[in-house]
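Visitor: Have a look at this one before I ask anything.
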Amino acid sequence: MSELPEKTRSSNNFNKLKKRLEREVGKAIGDFNMIEAGDRVMVCLSGGKDSYTLLDILLTLKARAPIDFTLIAMNLDQKQPGFPAEVLPAYLERLGVEYRIVEEDTYSVVQEKIPVGKTTCSLCSRLRRGIIYRVASEMGISKIALGHHRDDIVETLFLNMFFGSKLKAMPPKLHTDDGRHVVIRPLAYCAEKDIARYSRTREFPIIPCNLCGSQENLQRKQIKQMLAAWEQQYPGRTANIFSALSSVVPSHLADAALYDFKNLGAADGEGDTVFDPPEVAGPALGIYKIG
């Protein structure tokens, strides 16, 4: 575990933030059985605030965990022009963390395949995912830890609803399509604003994510702006939406493969609450105030 700067150690507010993040990560790990005794956990480190925070919190929890497991940091150097290849190895050497830097020129592949001015994120993500899975197999990794947080999960929910017509988000834990790997998201309960504040105070050596010159994913940007506006008007709305993902009522959706509507019994489901007054149906959501 890395040493905290003096100003960080003496900050009461930061200590509260740190404990909150540790508690949320620990709860996510426990709720979804993310890490077990003997696991080799590969922490994918991009050089951004989320993955730095993920590694930092996991190192803290590992030091006092009742079980033994191994953390290995992994960075994929995609050969983007200007990428500071020395930053992450130097940082990880200072921490004394086992790590592996993988060099793969996916940048050239993406530039060749994607027209100028178009976002490269989708193809880049697919290529990166394939390399991560391959490396995990080579290293005997049992869990792959990614730095997605609560806001990422909620944004993905709306992206899939608005643009993919699916009620689908990012699960905190999943098997890959081929069943060979388990992916975990220990930051699933953590708010992005808390991670950003933690990262600033810890003064991580952040590597910018715009080195490829790609345009930001416009659809995700729009969703992020929408959620930020909601959060400003109705504080706590993002947390409520995230909580809804773990409180699903299949009988009140419309997926016949998920719920047997054809053979519906009189006592099935949770009743019809569509006409309940707002104080019953959920005032925190402000459902009668949506314009």
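Going by the structure tokens order, chains are called A, B, ..., each with residues numbered from 1, while ligands are numbered from 1 in the order shown.
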Taking the DSSP assignment computed from this structure's backbone, write out as number ranges by chain all residues of range 9-217 of chain A that belong to alpha helix (DSSP H).

Guide: A: 9, 12-31, 49-64, 87-95, 106-113, 121-138, 150-164, 192-202

Visitor: I need the residues from that last selection saved to file as an mmCIF file, in the first residue's frame (with C-alpha atoms), if you can.

Guide:
```cif
data_model
loop_
_atom_site.group_PDB
_atom_site.id
_atom_site.type_symbol
_atom_site.label_atom_id
_atom_site.label_comp_id
_atom_site.auth_asym_id
_atom_site.auth_seq_id
_atom_site.Cartn_x
_atom_site.Cartn_y
_atom_site.Cartn_z
ATOM 1 C CA ARG A 9 -3.096 12.053 6.013
ATOM 2 C CA ASN A 12 -10.200 14.864 8.114
ATOM 3 C CA ASN A 13 -12.458 15.332 5.090
ATOM 4 C CA PHE A 14 -10.195 13.196 2.946
ATOM 5 C CA ASN A 15 -10.080 10.469 5.571
ATOM 6 C CA LYS A 16 -13.874 10.352 5.555
ATOM 7 C CA LEU A 17 -13.875 10.136 1.767
ATOM 8 C CA LYS A 18 -11.252 7.394 1.807
ATOM 9 C CA LYS A 19 -13.197 5.363 4.356
ATOM 10 C CA ARG A 20 -16.401 5.785 2.347
ATOM 11 C CA LEU A 21 -14.755 4.526 -0.835
ATOM 12 C CA GLU A 22 -13.150 1.630 1.023
ATOM 13 C CA ARG A 23 -16.508 0.739 2.557
ATOM 14 C CA GLU A 24 -18.294 0.892 -0.808
ATOM 15 C CA VAL A 25 -15.637 -1.179 -2.567
ATOM 16 C CA GLY A 26 -15.613 -3.697 0.262
ATOM 17 C CA LYS A 27 -19.401 -3.970 0.149
ATOM 18 C CA ALA A 28 -19.402 -4.498 -3.622
ATOM 19 C CA ILE A 29 -16.765 -7.204 -3.276
ATOM 20 C CA GLY A 30 -18.801 -8.904 -0.556
ATOM 21 C CA ASP A 31 -22.206 -8.523 -2.196
ATOM 22 C CA LYS A 49 -8.527 8.620 -12.214
ATOM 23 C CA ASP A 50 -10.828 5.588 -12.006
ATOM 24 C CA SER A 51 -8.230 2.858 -12.468
ATOM 25 C CA TYR A 52 -5.694 4.586 -10.196
ATOM 26 C CA THR A 53 -8.332 4.817 -7.471
ATOM 27 C CA LEU A 54 -9.335 1.187 -8.013
ATOM 28 C CA LEU A 55 -5.781 -0.057 -7.555
ATOM 29 C CA ASP A 56 -5.180 2.216 -4.566
ATOM 30 C CA ILE A 57 -8.309 1.093 -2.709
ATOM 31 C CA LEU A 58 -7.727 -2.587 -3.495
ATOM 32 C CA LEU A 59 -4.184 -2.355 -2.133
ATOM 33 C CA THR A 60 -5.540 -0.864 1.084
ATOM 34 C CA LEU A 61 -8.206 -3.561 1.448
ATOM 35 C CA LYS A 62 -5.759 -6.348 0.609
ATOM 36 C CA ALA A 63 -3.494 -5.292 3.471
ATOM 37 C CA ARG A 64 -6.222 -6.069 6.011
ATOM 38 C CA VAL A 87 4.796 7.136 -16.212
ATOM 39 C CA LEU A 88 3.011 3.943 -15.149
ATOM 40 C CA PRO A 89 6.095 1.719 -14.728
ATOM 41 C CA ALA A 90 7.725 4.390 -12.555
ATOM 42 C CA TYR A 91 4.573 4.748 -10.454
ATOM 43 C CA LEU A 92 4.132 0.999 -10.014
ATOM 44 C CA GLU A 93 7.806 0.514 -9.177
ATOM 45 C CA ARG A 94 7.437 3.075 -6.382
ATOM 46 C CA LEU A 95 4.438 1.182 -5.047
ATOM 47 C CA THR A 106 -3.923 -0.935 -31.869
ATOM 48 C CA TYR A 107 -3.692 2.787 -32.633
ATOM 49 C CA SER A 108 -2.569 2.123 -36.211
ATOM 50 C CA VAL A 109 -5.310 -0.468 -36.717
ATOM 51 C CA VAL A 110 -7.998 1.934 -35.522
ATOM 52 C CA GLN A 111 -6.673 4.811 -37.599
ATOM 53 C CA GLU A 112 -6.720 2.603 -40.687
ATOM 54 C CA LYS A 113 -10.261 1.319 -40.145
ATOM 55 C CA CYS A 121 -13.900 4.318 -29.074
ATOM 56 C CA SER A 122 -15.970 1.293 -30.090
ATOM 57 C CA LEU A 123 -13.311 -0.458 -32.187
ATOM 58 C CA CYS A 124 -10.554 0.526 -29.789
ATOM 59 C CA SER A 125 -12.540 -0.952 -26.903
ATOM 60 C CA ARG A 126 -13.089 -4.259 -28.714
ATOM 61 C CA LEU A 127 -9.417 -4.587 -29.587
ATOM 62 C CA ARG A 128 -8.371 -3.695 -26.057
ATOM 63 C CA ARG A 129 -10.811 -6.197 -24.550
ATOM 64 C CA GLY A 130 -9.456 -9.019 -26.715
ATOM 65 C CA ILE A 131 -5.891 -8.279 -25.681
ATOM 66 C CA ILE A 132 -6.817 -8.085 -21.993
ATOM 67 C CA TYR A 133 -8.516 -11.479 -22.151
ATOM 68 C CA ARG A 134 -5.537 -13.018 -23.942
ATOM 69 C CA VAL A 135 -3.076 -11.656 -21.399
ATOM 70 C CA ALA A 136 -5.283 -12.832 -18.539
ATOM 71 C CA SER A 137 -5.132 -16.374 -19.935
ATOM 72 C CA GLU A 138 -1.354 -16.204 -20.348
ATOM 73 C CA ARG A 150 -21.699 3.786 -10.436
ATOM 74 C CA ASP A 151 -22.104 6.670 -12.911
ATOM 75 C CA ASP A 152 -20.677 4.568 -15.761
ATOM 76 C CA ILE A 153 -23.215 1.856 -14.984
ATOM 77 C CA VAL A 154 -26.177 4.249 -14.935
ATOM 78 C CA GLU A 155 -25.013 5.963 -18.139
ATOM 79 C CA THR A 156 -24.767 2.587 -19.846
ATOM 80 C CA LEU A 157 -28.311 1.740 -18.741
ATOM 81 C CA PHE A 158 -29.674 4.805 -20.541
ATOM 82 C CA LEU A 159 -27.421 4.337 -23.567
ATOM 83 C CA ASN A 160 -28.815 0.838 -24.028
ATOM 84 C CA MET A 161 -32.400 2.017 -23.515
ATOM 85 C CA PHE A 162 -32.204 5.074 -25.771
ATOM 86 C CA PHE A 163 -30.013 3.716 -28.555
ATOM 87 C CA GLY A 164 -30.214 -0.074 -28.251
ATOM 88 C CA GLU A 192 -17.627 9.482 -9.928
ATOM 89 C CA LYS A 193 -17.439 12.775 -8.034
ATOM 90 C CA ASP A 194 -15.952 10.966 -5.022
ATOM 91 C CA ILE A 195 -13.414 9.186 -7.216
ATOM 92 C CA ALA A 196 -12.443 12.470 -8.896
ATOM 93 C CA ARG A 197 -11.917 14.157 -5.536
ATOM 94 C CA TYR A 198 -9.939 11.194 -4.196
ATOM 95 C CA SER A 199 -7.742 11.171 -7.300
ATOM 96 C CA ARG A 200 -7.027 14.906 -7.096
ATOM 97 C CA THR A 201 -6.043 14.703 -3.453
ATOM 98 C CA ARG A 202 -3.840 11.662 -3.991
#
```

Visitor: Could you pull out the strand (DSSP E) residues of range 54-83 of chain A from DSSP and send them as a PyMOL selection string?

Guide: chain A and resi 70-77

Visitor: Using N, CA, C and O atoms, can you export the residues from the last selection as a JSON list (two decimals), in the first residue's frame?

Guide:
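Done, and the output landed in again07.json:
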```
[["chain", "number", "residue", "atom", "x", "y", "z"],
["A", 70, "THR", "N", -3.77, -12.13, -4.79],
["A", 70, "THR", "CA", -2.68, -11.40, -5.45],
["A", 70, "THR", "C", -3.25, -10.34, -6.38],
["A", 70, "THR", "O", -4.21, -10.58, -7.10],
["A", 71, "LEU", "N", -2.64, -9.16, -6.36],
["A", 71, "LEU", "CA", -3.00, -8.08, -7.27],
["A", 71, "LEU", "C", -1.87, -7.87, -8.27],
["A", 71, "LEU", "O", -0.70, -7.74, -7.89],
["A", 72, "ILE", "N", -2.21, -7.87, -9.55],
["A", 72, "ILE", "CA", -1.25, -7.59, -10.61],
["A", 72, "ILE", "C", -1.80, -6.46, -11.47],
["A", 72, "ILE", "O", -2.90, -6.58, -12.02],
["A", 73, "ALA", "N", -1.07, -5.36, -11.53],
["A", 73, "ALA", "CA", -1.50, -4.24, -12.37],
["A", 73, "ALA", "C", -1.10, -4.52, -13.82],
["A", 73, "ALA", "O", -0.03, -5.05, -14.09],
["A", 74, "MET", "N", -1.99, -4.18, -14.74],
["A", 74, "MET", "CA", -1.71, -4.40, -16.16],
["A", 74, "MET", "C", -2.08, -3.15, -16.95],
["A", 74, "MET", "O", -3.16, -2.59, -16.77],
["A", 75, "ASN", "N", -1.15, -2.68, -17.76],
["A", 75, "ASN", "CA", -1.42, -1.55, -18.65],
["A", 75, "ASN", "C", -1.18, -1.96, -20.09],
["A", 75, "ASN", "O", -0.22, -2.66, -20.39],
["A", 76, "LEU", "N", -2.09, -1.51, -20.95],
["A", 76, "LEU", "CA", -1.95, -1.76, -22.38],
["A", 76, "LEU", "C", -1.45, -0.49, -23.06],
["A", 76, "LEU", "O", -2.17, 0.51, -23.13],
["A", 77, "ASP", "N", -0.23, -0.51, -23.53],
["A", 77, "ASP", "CA", 0.35, 0.60, -24.30],
["A", 77, "ASP", "C", -0.06, 0.40, -25.75],
["A", 77, "ASP", "O", 0.47, -0.46, -26.44]]
```

Visitor: Report as a PyMOL selection string all protein, DNA and RNA residues lying within 12 Å of range 238-247 of chain A, evaluated on only C-alpha atoms, omitting residues in the same chain fewer than 2 positions from it.

Guide: chain A and resi 31-32+149-158+167-172+188-193+223-224+226-236+249-250+252+282-286

Visitor: Closest to Leu45 in chain A among A:Glu203, A:Pro208, A:Val116, A:Tyr99, using only C-alpha atoms?

Guide: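 Ranking A:Glu203, A:Pro208, A:Val116, A:Tyr99 by distance to Leu45 in chain A, first place goes to A:Tyr99.
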
Visitor: In Å, how far is it from CA of Asp105 in chain A to CA of Ile144 in chain A?

Guide: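 Separation of CA of Asp105 in chain A and CA of Ile144 in chain A: 21.7 Å.
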